[in-house]
Amino acid sequence: MERKAGMHRPLVTYDLNPSQYELHAVIGTCCNGAGTVHLARHLPTQKLLAVKKIHLDAQMVDMKYLEHEVLMNRTMSHVNIVSCHCTFVHDNHLWIILPLMAFGSSSDLLAAHFSEGLPEAAIAFILYEVLKGLEYLHSKGVIHRSVRASHILISAEGHVCLSGLRFAYSMLQEGQRSKIVHDFPENFVNSLLWSSPELLGQSFAGYNTKTDIYSVGITACELGNGGVPFADMPVTQMLLEKMEGCTPQLIDMQTMPELQQATPGAHGEESLPFQRTFSQHFKNFVEVCLSPDPKNRPTASSLLQHSFFKQIRRKSGMESLVSLLHPVTPISDVGSVPTQDAEADLNDITANLQSVSVETHLWDF
């Protein structure tokens with residue numbers, strides 16, 4: 001399956017031939033370790049790309065969800081949904097050719113430099129683009145079901161795309177659009193922390209697109225606090241907390257005044273680990289997204305008008321997001337990064353991951 005990329009620029013054809021793609025460093029893993037994500041160069045154009053190589057014989061590969069993800073990537077066409085240039089099978093490996101999102105994922109940014117959370121303005125830029133992607137999916141009757149920081153990718157220019165469509169669910173079945181859904185994804189354990197109470201509860205009431213809005217709220221806390229709510233507790237306790245209406249919040253000097261007590265640093269100096277105050281607009285945004293009752297959560301379309309986003313409307317261009325991510329820099333060239341043999345065995349590639357210095361750019365698919 002091939003695709004011509006670029007609606008407003010000269011069309012580029014991506015061939016279904018592995019010899020057209022020069023693989024370089026491994027920049028991530030996918031499919032529970034069954035595949036690797038490579039920095040690659042498209043030889044006809046010399047353009048940098050990302051290539052996912054997935055071993056189809058690996059036991060951890062769920063072909064149903066893999067086929068579904070490829071289909072969704074190719075049928076959903078929006079600037080804030082990650083695109084797929086082409087896919088093909090070679091030597092029992094599925095190759096998925098993708099645009100390079102050179103800053104990696106939002107979770108990579110947290111791990112690389114922003115361990116205590118991203119600047120509020122950067123979060124506003126990111127979530128505004130995420131909501132535009134969700135607005136499009138929801139208009140098509142699709143529930144993403146796995147919105148989280150690791151599924152939010154950022155290009156070198158500061159363009160934001162949603163990935164992780166393997167668990168997306170279409171409410172359009174047999175020509176009819178359902179109002180509620182009762183389907184629970186298999187192998188969904190990695191996304192439970194971001195999931196809504198109604199999706200996890202699997203009650204008769206079911207769930208709808210508002211489950212994604214709850215996940216946006218959890219992701220907002222993740223980006224603001226530098227960690228995911230509920231991550232420090234057993235799964236059963238997390239489920240009970242959500243079922244009982246426990247609402248996570250942003251951590252700052254107002255919501256947790258005890259943080260005003262300075263703690264001794266490594267060299268005897270006093271430090272305040274969360275010396276910041278988030279705006280009331282941001283706190284309200286999180287609060288409405290995390291309403292325990294999905295009926296009280298706004299739609300993606302209405303959230304795009306939230307006062308939280310006024311701060312980015314006063315700025316111009318995507319360069320503003322890039323400047324807010326300093327000192328993290330995007331992948332710009334292959335440089336001295338070693339080239340991997342396109343025919344190399346998956347185990348050898350995975351073993352080499354430890355020796356490749358790209359820790360700040362690891363993609364989590």
# chains A, B, ... in the order shown; residues from 1 in each chain; ligands from 1
>>> closest_atom_pairs(of="segment 80-148 of chain A", to="segment 154-168 of chain A", cutoff="6 Å", atoms="only C-alpha atoms", output="Markdown table")
| residue | atom | partner | partner_atom | distance |
| --- | --- | --- | --- | --- |
| A:Asn80 | CA | A:Cys161 | CA | 4.2 |
| A:Ile81 | CA | A:Leu162 | CA | 4.8 |
| A:Val82 | CA | A:Cys161 | CA | 5.2 |
| A:Met101 | CA | A:Ser155 | CA | 4.0 |
| A:Ala102 | CA | A:Ser155 | CA | 4.9 |
| A:Phe103 | CA | A:Ile154 | CA | 5.3 |
| A:Gly104 | CA | A:Ile154 | CA | 5.9 |
| A:Glu129 | CA | A:Val160 | CA | 5.9 |
| A:Ile143 | CA | A:Ala168 | CA | 5.5 |
| A:His144 | CA | A:Ala168 | CA | 4.3 |
| A:Arg145 | CA | A:Ala168 | CA | 5.8 |
>>> residues_around(residues="Leu137 of chain A", least_positions_apart="3", cutoff="12 Å", atoms="only C-alpha atoms", output="PDB file with C-alpha atoms, in the first residue's frame")
ATOM      1  CA  MET A  72      -6.868   3.664  10.777  1.00  0.00           C
ATOM      2  CA  ASN A  73      -3.630   5.481   9.915  1.00  0.00           C
ATOM      3  CA  THR A  75      -8.207   6.141   6.434  1.00  0.00           C
ATOM      4  CA  MET A  76      -8.009   8.996   8.961  1.00  0.00           C
ATOM      5  CA  SER A  77      -6.642  12.058   7.155  1.00  0.00           C
ATOM      6  CA  HIS A  78      -6.013  15.125   9.330  1.00  0.00           C
ATOM      7  CA  VAL A  79      -3.012  17.322  10.044  1.00  0.00           C
ATOM      8  CA  ASN A  80      -3.113  16.360  13.738  1.00  0.00           C
ATOM      9  CA  ILE A  81      -3.329  12.583  13.160  1.00  0.00           C
ATOM     10  CA  VAL A 130      -4.516  17.181  20.320  1.00  0.00           C
ATOM     11  CA  LEU A 131      -8.079  18.431  20.686  1.00  0.00           C
ATOM     12  CA  LYS A 132      -8.215  19.375  17.003  1.00  0.00           C
ATOM     13  CA  GLY A 133      -7.196  15.792  16.184  1.00  0.00           C
ATOM     14  CA  LEU A 134      -9.841  14.419  18.543  1.00  0.00           C
ATOM     15  CA  LYS A 140     -15.985  10.532  12.071  1.00  0.00           C
ATOM     16  CA  GLY A 141     -17.510   8.506  14.893  1.00  0.00           C
ATOM     17  CA  VAL A 142     -14.111   7.263  16.112  1.00  0.00           C
ATOM     18  CA  ILE A 143     -13.068   7.027  19.781  1.00  0.00           C
ATOM     19  CA  HIS A 144      -9.279   7.099  20.228  1.00  0.00           C
ATOM     20  CA  ARG A 145      -9.293   5.323  23.649  1.00  0.00           C
ATOM     21  CA  LEU A 162      -1.820  11.961  17.684  1.00  0.00           C
ATOM     22  CA  SER A 163      -0.609   8.395  17.216  1.00  0.00           C
ATOM     23  CA  LEU A 165      -4.651   4.333  16.840  1.00  0.00           C
ATOM     24  CA  ALA A 168      -9.336   3.311  18.231  1.00  0.00           C
ATOM     25  CA  TYR A 169     -12.949   2.206  17.919  1.00  0.00           C
ATOM     26  CA  SER A 170     -15.472   3.212  15.268  1.00  0.00           C
ATOM     27  CA  MET A 171     -18.986   3.850  16.538  1.00  0.00           C
ATOM     28  CA  LEU A 172     -20.213   3.313  12.969  1.00  0.00           C
ATOM     29  CA  THR A 209     -16.350   9.962  22.834  1.00  0.00           C
ATOM     30  CA  ASP A 212     -11.251  10.610  25.329  1.00  0.00           C
ATOM     31  CA  THR A 299     -16.809  17.980  23.731  1.00  0.00           C
ATOM     32  CA  ALA A 300     -13.469  18.391  21.996  1.00  0.00           C
ATOM     33  CA  SER A 301     -14.999  21.183  19.881  1.00  0.00           C
TER      34      SER A 301
END
>>> residues_around(residues="segment 303-310 of chain A", least_positions_apart="6", cutoff="6 Å", atoms="only C-alpha atoms", output="PDB file with C-alpha atoms, in the first residue's frame")
ATOM      1  CA  ALA A 124      -1.496  24.665  25.917  1.00  0.00           C
ATOM      2  CA  HIS A 281      -7.711  28.606  33.459  1.00  0.00           C
ATOM      3  CA  PHE A 282      -5.487  25.505  33.318  1.00  0.00           C
TER       4      PHE A 282
END
>>> closest_residue(among="A:Ser302, A:Ser178, A:Gln202, A:Ser323", to="Pro119 of chain A", atoms="only C-alpha atoms")
A:Ser323
>>> residues_around(residues="His90 of chain A", least_positions_apart="3", cutoff="9 Å", atoms="only C-alpha atoms", output="VMD selection string")
chain A and resid 17 to 18 93 to 95
>>> closest_residue(among="A:Phe278, A:Phe125, A:Tyr214, A:Phe230", to="Asn296 of chain A", atoms="only C-alpha atoms")
A:Tyr214
>>> select_by_dssp(residues="segment 106-142 of chain A", states="helix (DSSP H, G or I)", output="PyMOL selection string")
chain A and resi 106-112+120-139
>>> write_last_selection(atoms="C-alpha atoms", output="mmCIF file, in the first residue's frame")
data_model
loop_
_atom_site.group_PDB
_atom_site.id
_atom_site.type_symbol
_atom_site.label_atom_id
_atom_site.label_comp_id
_atom_site.auth_asym_id
_atom_site.auth_seq_id
_atom_site.Cartn_x
_atom_site.Cartn_y
_atom_site.Cartn_z
ATOM 1 C CA SER A 106 5.597 14.344 24.810
ATOM 2 C CA SER A 107 6.586 11.646 27.295
ATOM 3 C CA ASP A 108 10.088 11.659 25.796
ATOM 4 C CA LEU A 109 10.273 15.388 26.531
ATOM 5 C CA LEU A 110 9.336 14.742 30.149
ATOM 6 C CA ALA A 111 12.012 12.064 30.433
ATOM 7 C CA ALA A 112 14.654 14.106 28.600
ATOM 8 C CA GLU A 120 2.074 25.685 30.950
ATOM 9 C CA ALA A 121 2.279 27.528 27.630
ATOM 10 C CA ALA A 122 3.871 24.492 25.963
ATOM 11 C CA ILE A 123 1.096 22.278 27.344
ATOM 12 C CA ALA A 124 -1.496 24.665 25.917
ATOM 13 C CA PHE A 125 0.104 24.461 22.468
ATOM 14 C CA ILE A 126 0.225 20.663 22.603
ATOM 15 C CA LEU A 127 -3.286 20.029 23.947
ATOM 16 C CA TYR A 128 -4.878 22.492 21.527
ATOM 17 C CA GLU A 129 -3.523 20.448 18.616
ATOM 18 C CA VAL A 130 -4.516 17.181 20.320
ATOM 19 C CA LEU A 131 -8.079 18.431 20.686
ATOM 20 C CA LYS A 132 -8.215 19.375 17.003
ATOM 21 C CA GLY A 133 -7.196 15.792 16.184
ATOM 22 C CA LEU A 134 -9.841 14.419 18.543
ATOM 23 C CA GLU A 135 -12.475 16.775 17.126
ATOM 24 C CA TYR A 136 -11.798 15.244 13.718
ATOM 25 C CA LEU A 137 -11.872 11.628 14.988
ATOM 26 C CA HIS A 138 -15.078 12.205 16.931
ATOM 27 C CA SER A 139 -16.718 13.805 13.872
#
>>> select_by_dssp(residues="segment 27-121 of chain A", states="strand (DSSP E or B)", output="VMD selection string")
chain A and resid 27 to 30 35 to 42 47 to 55 81 86 to 90 93 to 99 104 to 105
>>> closest_residue(among="A:His151, A:Lys53, A:Lys295, A:His113", to="Tyr207 of chain A", atoms="only C-alpha atoms")
A:Lys295
>>> residues_around(residues="Asn208 of chain A", least_positions_apart="5", cutoff="8 Å", atoms="only C-alpha atoms", output="MDAnalysis selection string")
chainID A and resid 143 179:181
>>> closest_residue(among="A:Tyr21, A:Trp194, A:Phe204, A:Phe184", to="Pro44 of chain A", atoms="only C-alpha atoms")
A:Tyr21
>>> residues_around(residues="Leu49 of chain A", least_positions_apart="6", cutoff="10 Å", atoms="only C-alpha atoms", output="ChimeraX atom specification")
/A:21-23,38-42,85,97-102
>>> write_last_selection(atoms="all heavy atoms", output="compact mmCIF listing (two decimals), in the first residue's frame")
# COMPACT_ATOMS: atom_id res chain seq x y z
N TYR A 21 14.98 2.74 1.36
CA TYR A 21 15.04 3.33 2.69
C TYR A 21 16.32 2.89 3.39
O TYR A 21 16.55 1.70 3.59
CB TYR A 21 13.81 2.92 3.51
CG TYR A 21 12.52 3.23 2.78
CD1 TYR A 21 11.87 2.24 2.03
CD2 TYR A 21 11.97 4.50 2.81
CE1 TYR A 21 10.71 2.53 1.33
CE2 TYR A 21 10.80 4.79 2.11
CZ TYR A 21 10.18 3.80 1.38
OH TYR A 21 9.03 4.08 0.68
N GLU A 22 17.13 3.87 3.76
CA GLU A 22 18.39 3.59 4.46
C GLU A 22 18.13 3.73 5.96
O GLU A 22 17.84 4.82 6.46
CB GLU A 22 19.45 4.60 4.01
CG GLU A 22 20.81 4.38 4.65
CD GLU A 22 21.81 5.40 4.15
OE1 GLU A 22 21.72 6.59 4.58
OE2 GLU A 22 22.67 5.04 3.32
N LEU A 23 18.23 2.60 6.67
CA LEU A 23 17.93 2.60 8.10
C LEU A 23 19.13 3.06 8.90
O LEU A 23 20.26 2.62 8.67
CB LEU A 23 17.50 1.20 8.56
CG LEU A 23 16.27 0.60 7.87
CD1 LEU A 23 15.88 -0.70 8.55
CD2 LEU A 23 15.11 1.58 7.85
N HIS A 38 12.95 3.03 13.47
CA HIS A 38 14.26 3.50 13.00
C HIS A 38 14.19 4.92 12.47
O HIS A 38 13.21 5.31 11.82
CB HIS A 38 14.76 2.61 11.84
CG HIS A 38 15.01 1.19 12.22
ND1 HIS A 38 16.26 0.69 12.44
CD2 HIS A 38 14.15 0.16 12.41
CE1 HIS A 38 16.18 -0.60 12.75
NE2 HIS A 38 14.90 -0.94 12.74
N LEU A 39 15.24 5.67 12.72
CA LEU A 39 15.50 6.87 11.94
C LEU A 39 15.97 6.38 10.58
O LEU A 39 16.85 5.52 10.49
CB LEU A 39 16.57 7.72 12.61
CG LEU A 39 17.07 8.94 11.82
CD1 LEU A 39 15.95 9.94 11.61
CD2 LEU A 39 18.25 9.58 12.54
N ALA A 40 15.38 6.89 9.52
CA ALA A 40 15.70 6.38 8.18
C ALA A 40 15.76 7.54 7.17
O ALA A 40 15.23 8.62 7.42
CB ALA A 40 14.67 5.35 7.73
N ARG A 41 16.39 7.26 6.05
CA ARG A 41 16.45 8.23 4.97
C ARG A 41 15.80 7.65 3.72
O ARG A 41 16.08 6.52 3.33
CB ARG A 41 17.91 8.61 4.65
CG ARG A 41 18.02 9.79 3.67
CD ARG A 41 19.46 10.10 3.33
NE ARG A 41 20.24 10.49 4.48
CZ ARG A 41 20.24 11.71 5.03
NH1 ARG A 41 19.45 12.66 4.52
NH2 ARG A 41 20.99 11.99 6.07
N HIS A 42 14.91 8.43 3.12
CA HIS A 42 14.29 8.04 1.86
C HIS A 42 15.27 8.42 0.76
O HIS A 42 15.47 9.60 0.45
CB HIS A 42 12.96 8.77 1.69
CG HIS A 42 12.22 8.40 0.45
ND1 HIS A 42 11.69 9.35 -0.42
CD2 HIS A 42 11.92 7.19 -0.09
CE1 HIS A 42 11.09 8.74 -1.42
NE2 HIS A 42 11.22 7.43 -1.24
N HIS A 85 2.89 6.93 5.17
CA HIS A 85 3.23 7.08 3.75
C HIS A 85 2.94 5.79 2.97
O HIS A 85 2.38 5.84 1.88
CB HIS A 85 4.71 7.45 3.59
CG HIS A 85 5.05 8.81 4.14
ND1 HIS A 85 4.23 9.89 3.97
CD2 HIS A 85 6.13 9.25 4.84
CE1 HIS A 85 4.77 10.95 4.55
NE2 HIS A 85 5.92 10.59 5.08
N ILE A 97 6.08 3.08 6.88
CA ILE A 97 6.87 4.28 6.60
C ILE A 97 6.08 5.50 7.07
O ILE A 97 4.97 5.75 6.60
CB ILE A 97 7.18 4.40 5.09
CG1 ILE A 97 7.71 3.06 4.54
CG2 ILE A 97 8.17 5.53 4.85
CD1 ILE A 97 8.95 2.55 5.22
N LEU A 98 6.68 6.25 7.99
CA LEU A 98 6.01 7.37 8.64
C LEU A 98 6.84 8.65 8.53
O LEU A 98 8.06 8.59 8.37
CB LEU A 98 5.80 7.06 10.13
CG LEU A 98 5.03 5.80 10.50
CD1 LEU A 98 5.28 5.42 11.94
CD2 LEU A 98 3.55 6.03 10.26
N PRO A 99 6.20 9.81 8.64
CA PRO A 99 6.98 11.04 8.74
C PRO A 99 7.77 11.05 10.04
O PRO A 99 7.34 10.46 11.03
CB PRO A 99 5.91 12.14 8.72
CG PRO A 99 4.66 11.47 9.18
CD PRO A 99 4.75 10.05 8.70
N LEU A 100 8.92 11.70 10.05
CA LEU A 100 9.73 11.79 11.26
C LEU A 100 9.21 12.90 12.15
O LEU A 100 9.15 14.06 11.75
CB LEU A 100 11.19 12.07 10.90
CG LEU A 100 12.13 12.28 12.10
CD1 LEU A 100 12.26 10.99 12.92
CD2 LEU A 100 13.49 12.76 11.63
N MET A 101 8.80 12.56 13.35
CA MET A 101 8.40 13.55 14.36
C MET A 101 9.62 13.75 15.26
O MET A 101 9.85 13.01 16.22
CB MET A 101 7.18 13.07 15.12
CG MET A 101 5.99 12.71 14.22
SD MET A 101 5.40 14.11 13.23
CE MET A 101 4.46 15.01 14.45
N ALA A 102 10.42 14.75 14.93
CA ALA A 102 11.82 14.81 15.38
C ALA A 102 11.99 15.13 16.86
O ALA A 102 13.07 14.92 17.42
CB ALA A 102 12.58 15.83 14.54
>>> closest_residue(among="A:Cys221, A:Ala231, A:Val89, A:Ala50", to="Gln249 of chain A", atoms="only C-alpha atoms")
A:Cys221
>>> decode(residues="segment 222-235 of chain A", atoms="all heavy atoms", output="compact mmCIF listing (two decimals), in the first residue's frame")
# COMPACT_ATOMS: atom_id res chain seq x y z
N GLU A 222 -0.37 14.73 33.52
CA GLU A 222 0.90 14.09 33.20
C GLU A 222 1.91 15.11 32.69
O GLU A 222 3.07 15.14 33.13
CB GLU A 222 0.68 12.99 32.17
CG GLU A 222 1.93 12.25 31.73
CD GLU A 222 1.66 11.24 30.63
OE1 GLU A 222 0.56 11.26 30.05
OE2 GLU A 222 2.57 10.43 30.34
N LEU A 223 1.49 15.96 31.77
CA LEU A 223 2.38 16.96 31.19
C LEU A 223 2.72 18.05 32.20
O LEU A 223 3.83 18.58 32.19
CB LEU A 223 1.74 17.58 29.95
CG LEU A 223 1.46 16.65 28.78
CD1 LEU A 223 0.75 17.39 27.66
CD2 LEU A 223 2.76 16.02 28.26
N GLY A 224 1.77 18.40 33.06
CA GLY A 224 2.01 19.46 34.04
C GLY A 224 2.82 19.01 35.24
O GLY A 224 3.69 19.74 35.72
N ASN A 225 2.55 17.80 35.72
CA ASN A 225 3.20 17.30 36.93
C ASN A 225 4.47 16.52 36.66
O ASN A 225 5.28 16.28 37.57
CB ASN A 225 2.24 16.41 37.72
CG ASN A 225 0.99 17.16 38.18
OD1 ASN A 225 1.00 18.38 38.29
ND2 ASN A 225 -0.09 16.42 38.43
N GLY A 226 4.65 16.06 35.43
CA GLY A 226 5.81 15.24 35.10
C GLY A 226 5.61 13.77 35.38
O GLY A 226 6.54 12.97 35.25
N GLY A 227 4.41 13.39 35.78
CA GLY A 227 4.09 11.99 36.06
C GLY A 227 2.61 11.75 35.90
O GLY A 227 1.80 12.68 35.93
N VAL A 228 2.23 10.49 35.74
CA VAL A 228 0.82 10.14 35.49
C VAL A 228 0.10 9.93 36.82
O VAL A 228 0.59 9.20 37.69
CB VAL A 228 0.72 8.85 34.65
CG1 VAL A 228 -0.71 8.62 34.21
CG2 VAL A 228 1.65 8.91 33.46
N PRO A 229 -1.07 10.54 37.01
CA PRO A 229 -1.85 10.26 38.22
C PRO A 229 -2.14 8.77 38.35
O PRO A 229 -2.29 8.07 37.36
CB PRO A 229 -3.15 11.05 37.97
CG PRO A 229 -2.77 12.14 37.03
CD PRO A 229 -1.70 11.54 36.15
N PHE A 230 -2.21 8.30 39.59
CA PHE A 230 -2.51 6.91 39.95
C PHE A 230 -1.35 5.95 39.68
O PHE A 230 -1.46 4.76 39.95
CB PHE A 230 -3.75 6.38 39.20
CG PHE A 230 -4.98 7.23 39.33
CD1 PHE A 230 -5.47 7.96 38.26
CD2 PHE A 230 -5.66 7.29 40.54
CE1 PHE A 230 -6.60 8.74 38.38
CE2 PHE A 230 -6.81 8.07 40.67
CZ PHE A 230 -7.27 8.79 39.59
N ALA A 231 -0.22 6.44 39.15
CA ALA A 231 0.88 5.53 38.80
C ALA A 231 1.55 4.91 40.02
O ALA A 231 2.23 3.90 39.90
CB ALA A 231 1.92 6.27 37.97
N ASP A 232 1.34 5.48 41.20
CA ASP A 232 2.01 5.00 42.40
C ASP A 232 1.15 4.02 43.20
O ASP A 232 1.45 3.73 44.36
CB ASP A 232 2.41 6.18 43.29
CG ASP A 232 1.21 7.01 43.72
OD1 ASP A 232 0.13 6.85 43.12
OD2 ASP A 232 1.35 7.83 44.65
N MET A 233 0.08 3.50 42.60
CA MET A 233 -0.80 2.59 43.35
C MET A 233 -1.11 1.35 42.53
O MET A 233 -0.99 1.36 41.30
CB MET A 233 -2.11 3.31 43.73
CG MET A 233 -2.92 3.82 42.57
SD MET A 233 -4.44 4.72 43.10
CE MET A 233 -3.73 6.14 43.92
N PRO A 234 -1.48 0.26 43.19
CA PRO A 234 -1.86 -0.96 42.46
C PRO A 234 -3.06 -0.70 41.55
O PRO A 234 -3.86 0.21 41.81
CB PRO A 234 -2.21 -1.94 43.58
CG PRO A 234 -1.55 -1.41 44.81
CD PRO A 234 -1.54 0.08 44.65
N VAL A 235 -3.18 -1.52 40.51
CA VAL A 235 -4.25 -1.33 39.54
C VAL A 235 -5.62 -1.39 40.20
O VAL A 235 -6.51 -0.58 39.89
CB VAL A 235 -4.15 -2.38 38.42
CG1 VAL A 235 -5.37 -2.31 37.50
CG2 VAL A 235 -2.89 -2.18 37.61
